[in-house]
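**Q** One structure coming up, written as structure tokens, with questions to follow.
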Amino acid sequence: MMKKELVIIGAGPAGLAAALAAYEEGIEDILIIEREDRPGGILNQCIHDGFGLHKFKEVLTGPEYAHRYIDKVREKELEIMTNTIVTELTDEKEIKAFNESEGILHIKAEAVILAMGSRERTAGGISLPGDRPSGIYTAGLAQNLMNLQNIQVGKEIVILGSGDIGLIMARRLTLEGADVKAVLEIMPYSNGLRRNINQCLIDYNIPLKLSQTVIDVKGNGRLKSVTAAEVDEAFNPIAGTEYEIKCDTLILSVGLIPENELSKKAKVQLDDTTGGAVVKDNLETNVDGIFACGNVLHIHDLVDFVSDEAEKAGKAASEYIKKGHKLNKDNIFVEAGSGIGYVIPQVISKEKDQIFSMRVRKPDNDKTIKIAADGKILHEENFEKVNPSEMIKIKVSSEKFKPLEKSTIKVVAE
Amino acid sequence: MKKQNYDIAIIGGGVVGTAIARELSRYKADVLLIEKENDVGQGASNSNSGVVHSGFTAPVGSLKADVCMYGNSHFEEICSELDVPYEKTGKLVVAVEEKQIAELYNLQYIGRKNGAELYIVGEDFIEEKEPNISGKAAMYSPNSAITSPYELTIAFAENAHQNGVEISLNTKVVKISKKNSKFSVKTDRGEILADYVINSAGLYSDKIAAFSGEDRYKIYPCRGEYYVLDKNASALMSRLVYPVPPENAGGYGIHLTPTVEGNILIGPSNEYIDSVDNEATTKEVMDKLLKEARGFLPKISREMVIRSYSGIRSKIVPPEMGGFTDFVIEKSPKYDNFINLIGIESPGLTSAPGIAKYVVEMIDKMEKLIEDKDFEKTRKGITKFYELPEEKQKELAEDNPNYREIVCRCENITKQEIIDALNNPLGVQTLKGVKYRARATMGRCQGGYCMTRIIKIMQDEFDMDLEDIKLEGNNSNLFAGQAKGWE
């Protein structure tokens with residue numbers, strides 16, 4: 001069995017940044033495992049720009065952003081094993097993987113960083129009703145086909161869901177000569193970034209239909225049309241509002257799901273809301289020496305934040321390798337209260353300054369996010385605008401936690 | 001179609017038609033199987049529960065009871081010969097209310113008369129065997145089993161093919177008439193002559209029967225919708241869990257079925273529809289499926305759903321009649337050697353081997369069939385790499401790099417299995433053909449990961465052009481072509 005100090009599963013933005021951070025902390029025996037034929041993860045197919053504003057104060061494309069990290073990883077000669085897929089992971093940090101040139105591999109790691117990213121919610125996952133013809137693609141798959149395989153998926157397009165990939169694909173498909181007829185969004189607001197709505201829909205005169213969804217799909221063979229309808233507050237279609245849109249392609253941008261199948265095998269405890277691991281403030285899961293970062297932990301809006309989070313995980317993993325496991329003293333549990341979807345990390349120690357990442361449940365103006373315990377407010381911050389599509393980060397100094405008696409703090413938006 | 005003359009033409013490549021083809025291939029006869037779709041098993045045969053029934057719903061002495069009992073007792077052997085998964089899980093028919101318990105005894109009475117092994121068990125038994133299921137009492141059937149209905153249909157067809165049966169896909173029968181002593185079968189791909197015609201056209205069997213002068217039958221399509229749950233939910237139960245059948249509905253009621261691959265199915269519903277080819281799913285029914293399934297298994301949630309589909313039963317009575325109807329397998333009134341199979345709905349999968357025997361005996365009585373000594377009863381399926389012990393995996397991966405590449409991450413399917421699926425003896429080279437043979441795209445990501453890889457294998461290893469890559473039938477192109485500016 002091969003032995004490694006640190007194994008990172010996934011060479012996307014999270015895995016790469018985690019590896020570099022661990023290296024900076026003096027860990028050199030690192031293996032990054034990647035199932036694609038090259039590192040970079042989903043950034044490789046994100047050929048549009050808008051990446052790196054926070055991290056590099058520059059506007060980069062996805063591949064450019066990835067290469068900032070890939071170049072460094074190569075410079076430090078960190079090992080990336082591509083064309084390798086991990087199929088098993090245990091809580092003893094034993095890994096089984098398949099590699100194209102070497103066959104079956106067994107690796108024992110001292111620490112593992114989970115950086116597998118996410119997968120897309122599918123037509124089946126949203127119980128899309130109607131026929132099941134060809135021409136229905138998730139947005140990321142359509143993006144992969146278009147940008148990496150040079151394949152045009154269709155000519156007359158309807159997009160369901162206004163997540164960022166859906167918005168980006170509306171523009172991309174338009175530029176490739178397709179007719180994007182509408183973007184339908186079941187919520188009364190878009191789940192995409194505001195800049196993407198402007199740059200990808202408004203600039204191209206593509207209508208965004210809020211509070212509408214697809215209630216029927218028709219096509220025997222290839223897709224022929226979808227039927228759209230307005231929905232009420234409980235998301236049920238409103239009778240009489242149905243209309244048919246002729247199209248040969250339906251693109252689904254209906255959410256990402258952290259890909260934690262391996263984490264489950266390693267007995268990592270998952271959070272029902274985020275779909276990712278429950279983590280401590282050092283991003284360690286409930287399993288000793290297994291850490292998580294990036295979209296496998298929770299879905300991020302900006303890759304820059306993925307890199308930040310991954311650096312933290314890389315650092316924590318190297319600390320674990322060097323000093324062994326240290327139990328947090330005086331654990332405090334963090335709960336999402338009213339108005340807040342989730343908060344990461346879910347467990348903190350009193351001793352450290354904390355950065356909480358969170359998302360609000362619905363868009364609103366003039367909201368105060370309060371972090372409270374023992375009936376007292378520890379910290380509050382006012383936001384002119386809040387939006388579920390945008391992650392909020394709040395920094396709180398350890399001074400605030402030290403006097404706490406209770407073991408739970410609550411985050412609310414009021 | 002390679003020849004002009006055949007001894008026997010079978011119309012319809014569902015599980016029944018292919019089972020008959022395989023049964024006939026034991027004898028010396030020129031057999032042609034005609035299927036209008038681009039693959040076998042494209043109707044109800046690939047969209048049912050995959051259950052091997054033990055025979056307690058059909059009345060004693062009915063043809064349905066007989067062929068079902070035959071199937072139940074021979075299924076394991078047939079699956080083993082054909083390398084098809086089979087698992088004797090047992091079944092619980094659960095009474096959720098006290099007043100349904102009497103009906104359990106009634107079912108037990110019918111079933112035991114048919115020769116099925118059945119017990120009435122109490123709450124303790126349910127609690128012990130299926131702790132997540134709630135019920136007051138149940139009838140336990142230890143011999144109920146599960147199989148893969150599409151793999152079985154493919155296996156019947158492949159085994160028949162290897163024993164000399166010709167299978168003509170994408171071939172639609174447009175007319176059958178008597179030409180001297182033979183039948184002329186006109187299709188959209190030419191005409192053939194046959195001494196015998198076997199009509200196992202399922203939902204279209206009434207139309208085919210009409211060519212034989214038999215116009216008494218009418219098929220009433222009755223749709224059943226299903227949900228497929230993520231494999232992560234498989235720990236919730238391990239046996240078949242059925243409700244007490246709803247009165248007069250002529251079905252089993254919405255039930256929970258573990259599949260041989262480790263998913264759980266919810267369904268099917270029971271709606272009469274106007275069109276025999278409308279396999280749509282509907283929001284109303286899908287909501288109902290979830291609600292009823294939660295009646296037995298409260299832990300089921302919407303997030304566990306990875307797919308919905310529907311299949312269509314070919315019923316021979318309209319909804320207002322309901323109740324029990326037997327399978328109809330008979331010679332047409334005008335021509336002895338035109339055999340019609342009408343209304344073969346559930347338990348059609350279990351009954352297929354028995355029906356095949358029955359039909360072949362009908363022919364044998366008219367004209368003695370001569371056994372073919374060269375008949376090979378076994379058929380080898382695609383090696384399921386991930387199910388092998390690691391030693392064996394290593395051995396295979398050592399020799400063949402295609403076993404080192406996992407193409408489908410959800411189901412852990414290797415590149416070699418995709419290649420094997422595309423190399424199938426029937427010559428089916430579609431995405432669905434791969435799905436039903438190698439399971440790729442059936443997992444929780446529904447092809448999000450593996451589709452681009454399968455396309456690449458189709459292009460690189462099989463020289464397929466982009467425009468020839470289809471989901472299933474001829475008009476189901478997957479792509480519009482190359483992107484702009486691509487040379």
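Lettering and numbering for the structure tokens are positional, with chains as A, B, ... in the shown order, residues counted from 1 in each chain, and ligands counted from 1 in the shown order.
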Please find the residues of chain A near chain B - the criterion being any atom within 6 Å, counting only C-alpha atoms - and write them as a list in words.
**A**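 Within 6 Å of chain B on chain A, we get Phe98, Asn99, Glu100, Gly103, Gly124, Gly125, Pro129, Gly130, Asp131, Ser134, Gly135, Leu141, Asn150, Ile151, Gln152, Val153, Gly154, Glu176, Gly221 and Arg222 of chain A.
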**Q** Would you export the selected residues with C-alpha atoms as a PDB file, in the first residue's frame, please?
**A**
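Printed below is again04.pdb as written:
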```pdb
ATOM      1  CA  PHE A  98      -8.361   3.285 -10.382  1.00  0.00           C
ATOM      2  CA  ASN A  99      -5.610   4.727 -12.502  1.00  0.00           C
ATOM      3  CA  GLU A 100      -5.416   4.396 -16.251  1.00  0.00           C
ATOM      4  CA  GLY A 103      -4.614  -0.137 -12.464  1.00  0.00           C
ATOM      5  CA  GLY A 124     -35.157  13.221 -12.506  1.00  0.00           C
ATOM      6  CA  GLY A 125     -34.113  15.043  -9.370  1.00  0.00           C
ATOM      7  CA  PRO A 129     -43.013  15.871 -15.828  1.00  0.00           C
ATOM      8  CA  GLY A 130     -43.901  14.813 -19.375  1.00  0.00           C
ATOM      9  CA  ASP A 131     -42.062  12.836 -22.053  1.00  0.00           C
ATOM     10  CA  SER A 134     -33.416  13.642 -26.167  1.00  0.00           C
ATOM     11  CA  GLY A 135     -32.431  17.296 -25.912  1.00  0.00           C
ATOM     12  CA  LEU A 141     -23.107  19.175 -19.148  1.00  0.00           C
ATOM     13  CA  ASN A 150     -17.076  21.612 -29.448  1.00  0.00           C
ATOM     14  CA  ILE A 151     -20.548  20.127 -29.644  1.00  0.00           C
ATOM     15  CA  GLN A 152     -23.638  22.283 -30.104  1.00  0.00           C
ATOM     16  CA  VAL A 153     -26.452  20.681 -28.109  1.00  0.00           C
ATOM     17  CA  GLY A 154     -29.340  22.379 -29.926  1.00  0.00           C
ATOM     18  CA  GLU A 176     -22.950  30.082 -30.909  1.00  0.00           C
ATOM     19  CA  GLY A 221     -37.545  11.226 -30.017  1.00  0.00           C
ATOM     20  CA  ARG A 222     -36.102  14.736 -29.847  1.00  0.00           C
TER      21      ARG A 222
END
```
**Q** Env of Lys435 in chain B: 12 Å cut, atoms = only C-alpha atoms, seq-sep filter 5 positions within chain, self excluded. Answer as a PyMOL selection string.
**A** chain B and resi 39+46+150-151+408+411+413+417-418+420-422+428-430+440-443+446-447+450-451+454+471-472
**Q** What lies within 10 Å of range 160-169 of chain A using only C-alpha atoms, ignoring chain neighbours under 2 positions off, as a ChimeraX atom specification?
**A** /A:46-48,138-140,142-143,146,157-158,171-175,180,182-187,189-201,206,208-210,212-214,228,250-256,301,389
**Q** Can those selected residues be exported to a file as an mmCIF file, in the first residue's frame so that it contains C-alpha atoms?
**A**
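File produced: out-v8.cif:
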```cif
data_model
loop_
_atom_site.group_PDB
_atom_site.id
_atom_site.type_symbol
_atom_site.label_atom_id
_atom_site.label_comp_id
_atom_site.auth_asym_id
_atom_site.auth_seq_id
_atom_site.Cartn_x
_atom_site.Cartn_y
_atom_site.Cartn_z
ATOM 1 C CA CYS A 46 -15.769 28.026 -17.589
ATOM 2 C CA ILE A 47 -14.196 29.928 -20.462
ATOM 3 C CA HIS A 48 -16.073 33.136 -19.593
ATOM 4 C CA THR A 138 -28.080 20.033 -17.340
ATOM 5 C CA ALA A 139 -26.348 23.366 -17.833
ATOM 6 C CA GLY A 140 -22.908 22.141 -16.800
ATOM 7 C CA ALA A 142 -24.151 21.466 -22.010
ATOM 8 C CA GLN A 143 -21.235 23.737 -21.092
ATOM 9 C CA MET A 146 -19.898 23.144 -25.958
ATOM 10 C CA ILE A 157 -33.328 26.648 -26.335
ATOM 11 C CA VAL A 158 -35.356 27.079 -23.170
ATOM 12 C CA ARG A 171 -25.169 33.849 -23.431
ATOM 13 C CA ARG A 172 -22.826 31.117 -24.630
ATOM 14 C CA LEU A 173 -25.488 29.365 -26.686
ATOM 15 C CA THR A 174 -26.641 32.695 -28.133
ATOM 16 C CA LEU A 175 -23.096 33.486 -29.214
ATOM 17 C CA VAL A 180 -32.482 31.170 -26.441
ATOM 18 C CA ALA A 182 -36.519 32.240 -22.340
ATOM 19 C CA VAL A 183 -35.061 31.573 -18.929
ATOM 20 C CA LEU A 184 -37.733 30.334 -16.526
ATOM 21 C CA GLU A 185 -37.279 30.632 -12.776
ATOM 22 C CA ILE A 186 -39.715 29.069 -10.325
ATOM 23 C CA MET A 187 -38.698 31.484 -7.526
ATOM 24 C CA TYR A 189 -36.133 36.052 -7.834
ATOM 25 C CA SER A 190 -33.088 34.759 -9.664
ATOM 26 C CA ASN A 191 -30.576 32.491 -8.006
ATOM 27 C CA GLY A 192 -27.776 33.860 -10.138
ATOM 28 C CA LEU A 193 -25.382 36.702 -9.507
ATOM 29 C CA ARG A 194 -26.724 40.139 -10.460
ATOM 30 C CA ARG A 195 -23.836 40.760 -12.823
ATOM 31 C CA ASN A 196 -24.667 37.574 -14.715
ATOM 32 C CA ILE A 197 -28.287 38.625 -15.185
ATOM 33 C CA ASN A 198 -27.093 41.908 -16.663
ATOM 34 C CA GLN A 199 -24.301 40.551 -18.798
ATOM 35 C CA CYS A 200 -25.885 37.309 -19.949
ATOM 36 C CA LEU A 201 -29.605 38.021 -20.261
ATOM 37 C CA ILE A 206 -33.214 37.107 -23.348
ATOM 38 C CA LEU A 208 -36.174 36.092 -17.597
ATOM 39 C CA LYS A 209 -39.575 34.805 -16.502
ATOM 40 C CA LEU A 210 -39.806 34.774 -12.727
ATOM 41 C CA GLN A 212 -42.648 30.312 -13.843
ATOM 42 C CA THR A 213 -41.735 26.703 -14.404
ATOM 43 C CA VAL A 214 -41.985 23.879 -16.914
ATOM 44 C CA ALA A 228 -44.527 26.751 -19.102
ATOM 45 C CA LEU A 250 -34.153 22.278 -22.497
ATOM 46 C CA ILE A 251 -31.243 23.319 -20.304
ATOM 47 C CA LEU A 252 -31.618 22.739 -16.575
ATOM 48 C CA SER A 253 -29.850 25.017 -14.145
ATOM 49 C CA VAL A 254 -31.635 23.879 -11.037
ATOM 50 C CA GLY A 255 -28.962 23.592 -8.437
ATOM 51 C CA LEU A 256 -25.757 21.871 -7.463
ATOM 52 C CA ASP A 301 -20.968 31.634 -5.461
ATOM 53 C CA SER A 389 -27.274 33.736 -4.410
#
```
**Q** Quick one, how far is CA of Val165 in chain B from CA of Val328 in chain B?
**A**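 Separation of CA of Val165 in chain B and CA of Val328 in chain B: 24.9 Å.
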**Q** Could you tell me how far CA of Glu292 in chain B sits from CA of Ser134 in chain B, in Å to one decimal place?
**A**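 Here the two named atoms are 12.4 Å from each other.
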**Q** From a DSSP pass on the backbone, collect the residues of range 281-399 of chain A flagged as alpha helix (DSSP H) and hand them back as a PyMOL selection string.
**A** chain A and resi 303-323
**Q** I'd like to know which of A:Gln346, A:Ser225, A:Lys246, A:Asn286 is closest to Thr273 in chain A, using only C-alpha atoms.
**A**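 Answer, going by the shortest atom-to-atom distance: A:Gln346.
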**Q** Would you kindly return, as a tab-separated table (two decimals) with N, CA and C atoms, in the first residue's frame, each protein, DNA or RNA residue with an atom no farther than 6 Å from any atom of range 21-37 of chain A, considering only C-alpha atoms and excluding same-chain residues fewer than 5 positions away?
**A**
```
chain	number	residue	atom	x	y	z
A	4	LYS	N	1.07	8.16	2.08
A	4	LYS	CA	1.21	9.60	1.81
A	4	LYS	C	0.82	10.35	3.08
A	5	GLU	N	1.50	11.48	3.29
A	5	GLU	CA	1.09	12.29	4.44
A	5	GLU	C	-0.28	12.91	4.17
A	6	LEU	N	-0.40	13.54	3.02
A	6	LEU	CA	-1.67	14.22	2.71
A	6	LEU	C	-2.18	13.80	1.33
A	7	VAL	N	-3.40	13.32	1.29
A	7	VAL	CA	-4.04	13.04	0.01
A	7	VAL	C	-5.21	14.01	-0.16
A	8	ILE	N	-5.25	14.65	-1.31
A	8	ILE	CA	-6.33	15.58	-1.61
A	8	ILE	C	-7.13	14.97	-2.76
A	9	ILE	N	-8.41	14.82	-2.55
A	9	ILE	CA	-9.24	14.20	-3.60
A	9	ILE	C	-9.90	15.31	-4.41
A	10	GLY	N	-9.41	15.49	-5.63
A	10	GLY	CA	-9.93	16.52	-6.52
A	10	GLY	C	-8.90	17.61	-6.77
A	11	ALA	N	-8.58	17.86	-8.05
A	11	ALA	CA	-7.62	18.91	-8.40
A	11	ALA	C	-8.32	20.09	-9.05
A	79	GLU	N	2.66	16.37	-6.53
A	79	GLU	CA	2.21	15.29	-7.42
A	79	GLU	C	0.70	15.35	-7.68
A	80	ILE	N	0.34	15.48	-8.96
A	80	ILE	CA	-1.07	15.36	-9.33
A	80	ILE	C	-1.21	14.08	-10.14
A	81	MET	N	-2.04	13.18	-9.66
A	81	MET	CA	-2.28	11.93	-10.40
A	81	MET	C	-3.59	12.09	-11.16
A	82	THR	N	-3.48	12.28	-12.48
A	82	THR	CA	-4.70	12.49	-13.27
A	82	THR	C	-5.26	11.15	-13.77
A	83	ASN	N	-6.41	11.22	-14.44
A	83	ASN	CA	-7.07	10.00	-14.94
A	83	ASN	C	-7.20	8.95	-13.84
A	84	THR	N	-7.44	9.40	-12.65
A	84	THR	CA	-7.50	8.50	-11.50
A	84	THR	C	-8.79	8.77	-10.74
A	85	ILE	N	-9.55	7.75	-10.51
A	85	ILE	CA	-10.82	7.95	-9.83
A	85	ILE	C	-10.83	7.17	-8.52
A	311	GLU	N	-7.50	27.06	1.38
A	311	GLU	CA	-6.23	27.38	2.03
A	311	GLU	C	-6.30	27.08	3.52
A	314	GLY	N	-6.12	23.37	3.94
A	314	GLY	CA	-4.75	22.90	3.72
A	314	GLY	C	-3.87	23.15	4.94
A	315	LYS	N	-4.05	24.32	5.50
A	315	LYS	CA	-3.29	24.69	6.68
A	315	LYS	C	-3.65	23.79	7.86
A	318	SER	N	-2.23	20.33	7.53
A	318	SER	CA	-0.80	20.21	7.84
A	318	SER	C	-0.55	20.29	9.34
```
**Q** Could you tell me, as a PyMOL selection string, which residues of range 201-268 of chain A DSSP assigns to strand (DSSP E or B) when given the backbone?
**A** chain A and resi 208-210+212-218+222+225-231+237+243-246+249-252+256-258
**Q** Store the residues of this selection in a file with N, CA and C atoms, as a PDB file, in the first residue's frame.
**A**
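And here is the file that came out, part24.pdb:
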```
ATOM      1  N   LEU A 208     -36.211  36.873 -18.839  1.00  0.00           N
ATOM      2  CA  LEU A 208     -36.174  36.092 -17.597  1.00  0.00           C
ATOM      3  C   LEU A 208     -37.592  36.083 -17.044  1.00  0.00           C
ATOM      4  N   LYS A 209     -38.190  34.913 -16.962  1.00  0.00           N
ATOM      5  CA  LYS A 209     -39.575  34.805 -16.502  1.00  0.00           C
ATOM      6  C   LYS A 209     -39.574  34.270 -15.081  1.00  0.00           C
ATOM      7  N   LEU A 210     -39.812  35.170 -14.132  1.00  0.00           N
ATOM      8  CA  LEU A 210     -39.806  34.774 -12.727  1.00  0.00           C
ATOM      9  C   LEU A 210     -41.134  34.125 -12.349  1.00  0.00           C
ATOM     10  N   GLN A 212     -42.133  31.190 -12.789  1.00  0.00           N
ATOM     11  CA  GLN A 212     -42.648  30.312 -13.843  1.00  0.00           C
ATOM     12  C   GLN A 212     -41.826  29.034 -13.863  1.00  0.00           C
ATOM     13  N   THR A 213     -42.477  27.956 -14.286  1.00  0.00           N
ATOM     14  CA  THR A 213     -41.735  26.703 -14.404  1.00  0.00           C
ATOM     15  C   THR A 213     -42.246  25.897 -15.587  1.00  0.00           C
ATOM     16  N   VAL A 214     -41.571  24.774 -15.835  1.00  0.00           N
ATOM     17  CA  VAL A 214     -41.985  23.879 -16.914  1.00  0.00           C
ATOM     18  C   VAL A 214     -42.942  22.854 -16.325  1.00  0.00           C
ATOM     19  N   ILE A 215     -44.154  22.772 -16.867  1.00  0.00           N
ATOM     20  CA  ILE A 215     -45.116  21.803 -16.334  1.00  0.00           C
ATOM     21  C   ILE A 215     -45.334  20.620 -17.277  1.00  0.00           C
ATOM     22  N   ASP A 216     -44.797  20.706 -18.493  1.00  0.00           N
ATOM     23  CA  ASP A 216     -44.903  19.551 -19.387  1.00  0.00           C
ATOM     24  C   ASP A 216     -43.795  19.602 -20.431  1.00  0.00           C
ATOM     25  N   VAL A 217     -43.357  18.425 -20.826  1.00  0.00           N
ATOM     26  CA  VAL A 217     -42.313  18.284 -21.828  1.00  0.00           C
ATOM     27  C   VAL A 217     -42.870  17.398 -22.917  1.00  0.00           C
ATOM     28  N   LYS A 218     -42.742  17.826 -24.173  1.00  0.00           N
ATOM     29  CA  LYS A 218     -43.280  17.011 -25.266  1.00  0.00           C
ATOM     30  C   LYS A 218     -42.200  16.687 -26.284  1.00  0.00           C
ATOM     31  N   ARG A 222     -36.707  13.488 -30.319  1.00  0.00           N
ATOM     32  CA  ARG A 222     -36.102  14.736 -29.847  1.00  0.00           C
ATOM     33  C   ARG A 222     -37.176  15.642 -29.238  1.00  0.00           C
ATOM     34  N   SER A 225     -41.314  20.602 -27.624  1.00  0.00           N
ATOM     35  CA  SER A 225     -41.757  21.816 -26.949  1.00  0.00           C
ATOM     36  C   SER A 225     -41.832  21.588 -25.449  1.00  0.00           C
ATOM     37  N   VAL A 226     -41.852  22.696 -24.724  1.00  0.00           N
ATOM     38  CA  VAL A 226     -42.148  22.610 -23.291  1.00  0.00           C
ATOM     39  C   VAL A 226     -43.359  23.486 -23.027  1.00  0.00           C
ATOM     40  N   THR A 227     -44.123  23.127 -21.994  1.00  0.00           N
ATOM     41  CA  THR A 227     -45.223  23.980 -21.577  1.00  0.00           C
ATOM     42  C   THR A 227     -44.813  24.659 -20.280  1.00  0.00           C
ATOM     43  N   ALA A 228     -44.901  25.981 -20.290  1.00  0.00           N
ATOM     44  CA  ALA A 228     -44.527  26.751 -19.102  1.00  0.00           C
ATOM     45  C   ALA A 228     -45.800  27.259 -18.437  1.00  0.00           C
ATOM     46  N   ALA A 229     -45.715  27.570 -17.154  1.00  0.00           N
ATOM     47  CA  ALA A 229     -46.859  28.162 -16.447  1.00  0.00           C
ATOM     48  C   ALA A 229     -46.358  28.983 -15.279  1.00  0.00           C
ATOM     49  N   GLU A 230     -47.182  29.919 -14.861  1.00  0.00           N
ATOM     50  CA  GLU A 230     -46.865  30.686 -13.658  1.00  0.00           C
ATOM     51  C   GLU A 230     -47.165  29.809 -12.446  1.00  0.00           C
ATOM     52  N   VAL A 231     -46.440  30.069 -11.365  1.00  0.00           N
ATOM     53  CA  VAL A 231     -46.691  29.296 -10.142  1.00  0.00           C
ATOM     54  C   VAL A 231     -47.146  30.218  -9.020  1.00  0.00           C
ATOM     55  N   PRO A 237     -48.483  25.170 -10.152  1.00  0.00           N
ATOM     56  CA  PRO A 237     -48.839  25.892 -11.368  1.00  0.00           C
ATOM     57  C   PRO A 237     -50.230  26.524 -11.257  1.00  0.00           C
ATOM     58  N   TYR A 243     -48.553  28.134 -21.283  1.00  0.00           N
ATOM     59  CA  TYR A 243     -48.270  28.439 -22.687  1.00  0.00           C
ATOM     60  C   TYR A 243     -47.142  27.536 -23.168  1.00  0.00           C
ATOM     61  N   GLU A 244     -47.180  27.243 -24.466  1.00  0.00           N
ATOM     62  CA  GLU A 244     -46.216  26.304 -25.023  1.00  0.00           C
ATOM     63  C   GLU A 244     -45.068  27.059 -25.682  1.00  0.00           C
ATOM     64  N   ILE A 245     -43.861  26.577 -25.480  1.00  0.00           N
ATOM     65  CA  ILE A 245     -42.708  27.163 -26.169  1.00  0.00           C
ATOM     66  C   ILE A 245     -42.082  26.068 -27.025  1.00  0.00           C
ATOM     67  N   LYS A 246     -42.015  26.297 -28.324  1.00  0.00           N
ATOM     68  CA  LYS A 246     -41.376  25.325 -29.207  1.00  0.00           C
ATOM     69  C   LYS A 246     -39.869  25.409 -29.003  1.00  0.00           C
ATOM     70  N   THR A 249     -34.315  22.018 -27.274  1.00  0.00           N
ATOM     71  CA  THR A 249     -33.397  21.784 -26.159  1.00  0.00           C
ATOM     72  C   THR A 249     -33.915  22.455 -24.897  1.00  0.00           C
ATOM     73  N   LEU A 250     -33.839  21.714 -23.810  1.00  0.00           N
ATOM     74  CA  LEU A 250     -34.153  22.278 -22.497  1.00  0.00           C
ATOM     75  C   LEU A 250     -32.901  22.148 -21.640  1.00  0.00           C
ATOM     76  N   ILE A 251     -32.436  23.301 -21.155  1.00  0.00           N
ATOM     77  CA  ILE A 251     -31.243  23.319 -20.304  1.00  0.00           C
ATOM     78  C   ILE A 251     -31.712  23.502 -18.861  1.00  0.00           C
ATOM     79  N   LEU A 252     -31.219  22.644 -17.976  1.00  0.00           N
ATOM     80  CA  LEU A 252     -31.618  22.739 -16.575  1.00  0.00           C
ATOM     81  C   LEU A 252     -30.494  23.330 -15.744  1.00  0.00           C
ATOM     82  N   LEU A 256     -26.916  22.758  -7.574  1.00  0.00           N
ATOM     83  CA  LEU A 256     -25.757  21.871  -7.463  1.00  0.00           C
ATOM     84  C   LEU A 256     -25.862  21.111  -6.143  1.00  0.00           C
ATOM     85  N   ILE A 257     -25.362  19.897  -6.154  1.00  0.00           N
ATOM     86  CA  ILE A 257     -25.402  19.056  -4.957  1.00  0.00           C
ATOM     87  C   ILE A 257     -23.967  18.649  -4.612  1.00  0.00           C
ATOM     88  N   PRO A 258     -23.490  19.016  -3.410  1.00  0.00           N
ATOM     89  CA  PRO A 258     -22.136  18.594  -3.029  1.00  0.00           C
ATOM     90  C   PRO A 258     -21.986  17.080  -3.198  1.00  0.00           C
TER      91      PRO A 258
END
```
**Q** Contacts of range 348-350 of chain A at 10 Å or less, counting only C-alpha atoms, minus same-chain residues fewer than 6 places along, as number ranges by chain?
**A** A: 279-283, 327-334, 356, 397-404, 407-409
**Q** Which residues, written as a list of chain:residue names, have at least one atom at most 7 Å from Lys410 in chain A, with only C-alpha atoms counted and residues fewer than 2 positions away on the same chain left out?
**A**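 Neighbouring residues, sequence-local ones excluded: A:Val334, A:Glu335, A:Ala336, A:Gly337, A:Ile371, A:Ala372, A:Ala373, A:Thr408, A:Val412.
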**Q** I'd like the contact shell of Ala58 in chain B - 8 Å cut-off, only C-alpha atoms, skipping same-chain residues fewer than 5 positions apart - returned as a PDB file with C-alpha atoms, in the first residue's frame.
**A**
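Contents of the output file selection-v4.pdb:
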```pdb
ATOM      1  CA  LYS B  64     -52.405 -16.551 -15.861  1.00  0.00           C
ATOM      2  CA  ALA B  65     -51.980 -18.580 -12.667  1.00  0.00           C
ATOM      3  CA  ILE B 110     -56.034 -18.130  -3.595  1.00  0.00           C
ATOM      4  CA  GLY B 111     -52.256 -18.298  -3.598  1.00  0.00           C
ATOM      5  CA  PHE B 324     -59.646 -10.090 -13.218  1.00  0.00           C
TER       6      PHE B 324
END
```
**Q** Pick the closest to Cys247 in chain A from A:Gly289, A:Glu319, A:Gln269, A:Ile159: which is it, counting only C-alpha atoms?
**A**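 For Cys247 in chain A, the nearest of the candidates is A:Ile159.
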**Q** Taking only C-alpha atoms into account, name the residue in B:Ser177, B:Ser80, B:Asn159, B:Gln42 that is nearest to Arg22 in chain B.
**A**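 For Arg22 in chain B, the nearest of the given residues is B:Asn159.
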**Q** Looking at B:Ile146, B:Ile154, B:Met321, B:Leu193, which one is nearest to Glu247 in chain B, with distances taken over only C-alpha atoms?
**A**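 For Glu247 in chain B, the nearest of the given residues is B:Met321.
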**Q** Rounded to one decimal place, report the CA of Val174 in chain B-CA of Phe211 in chain B distance in Å.
**A** 9.6 Å
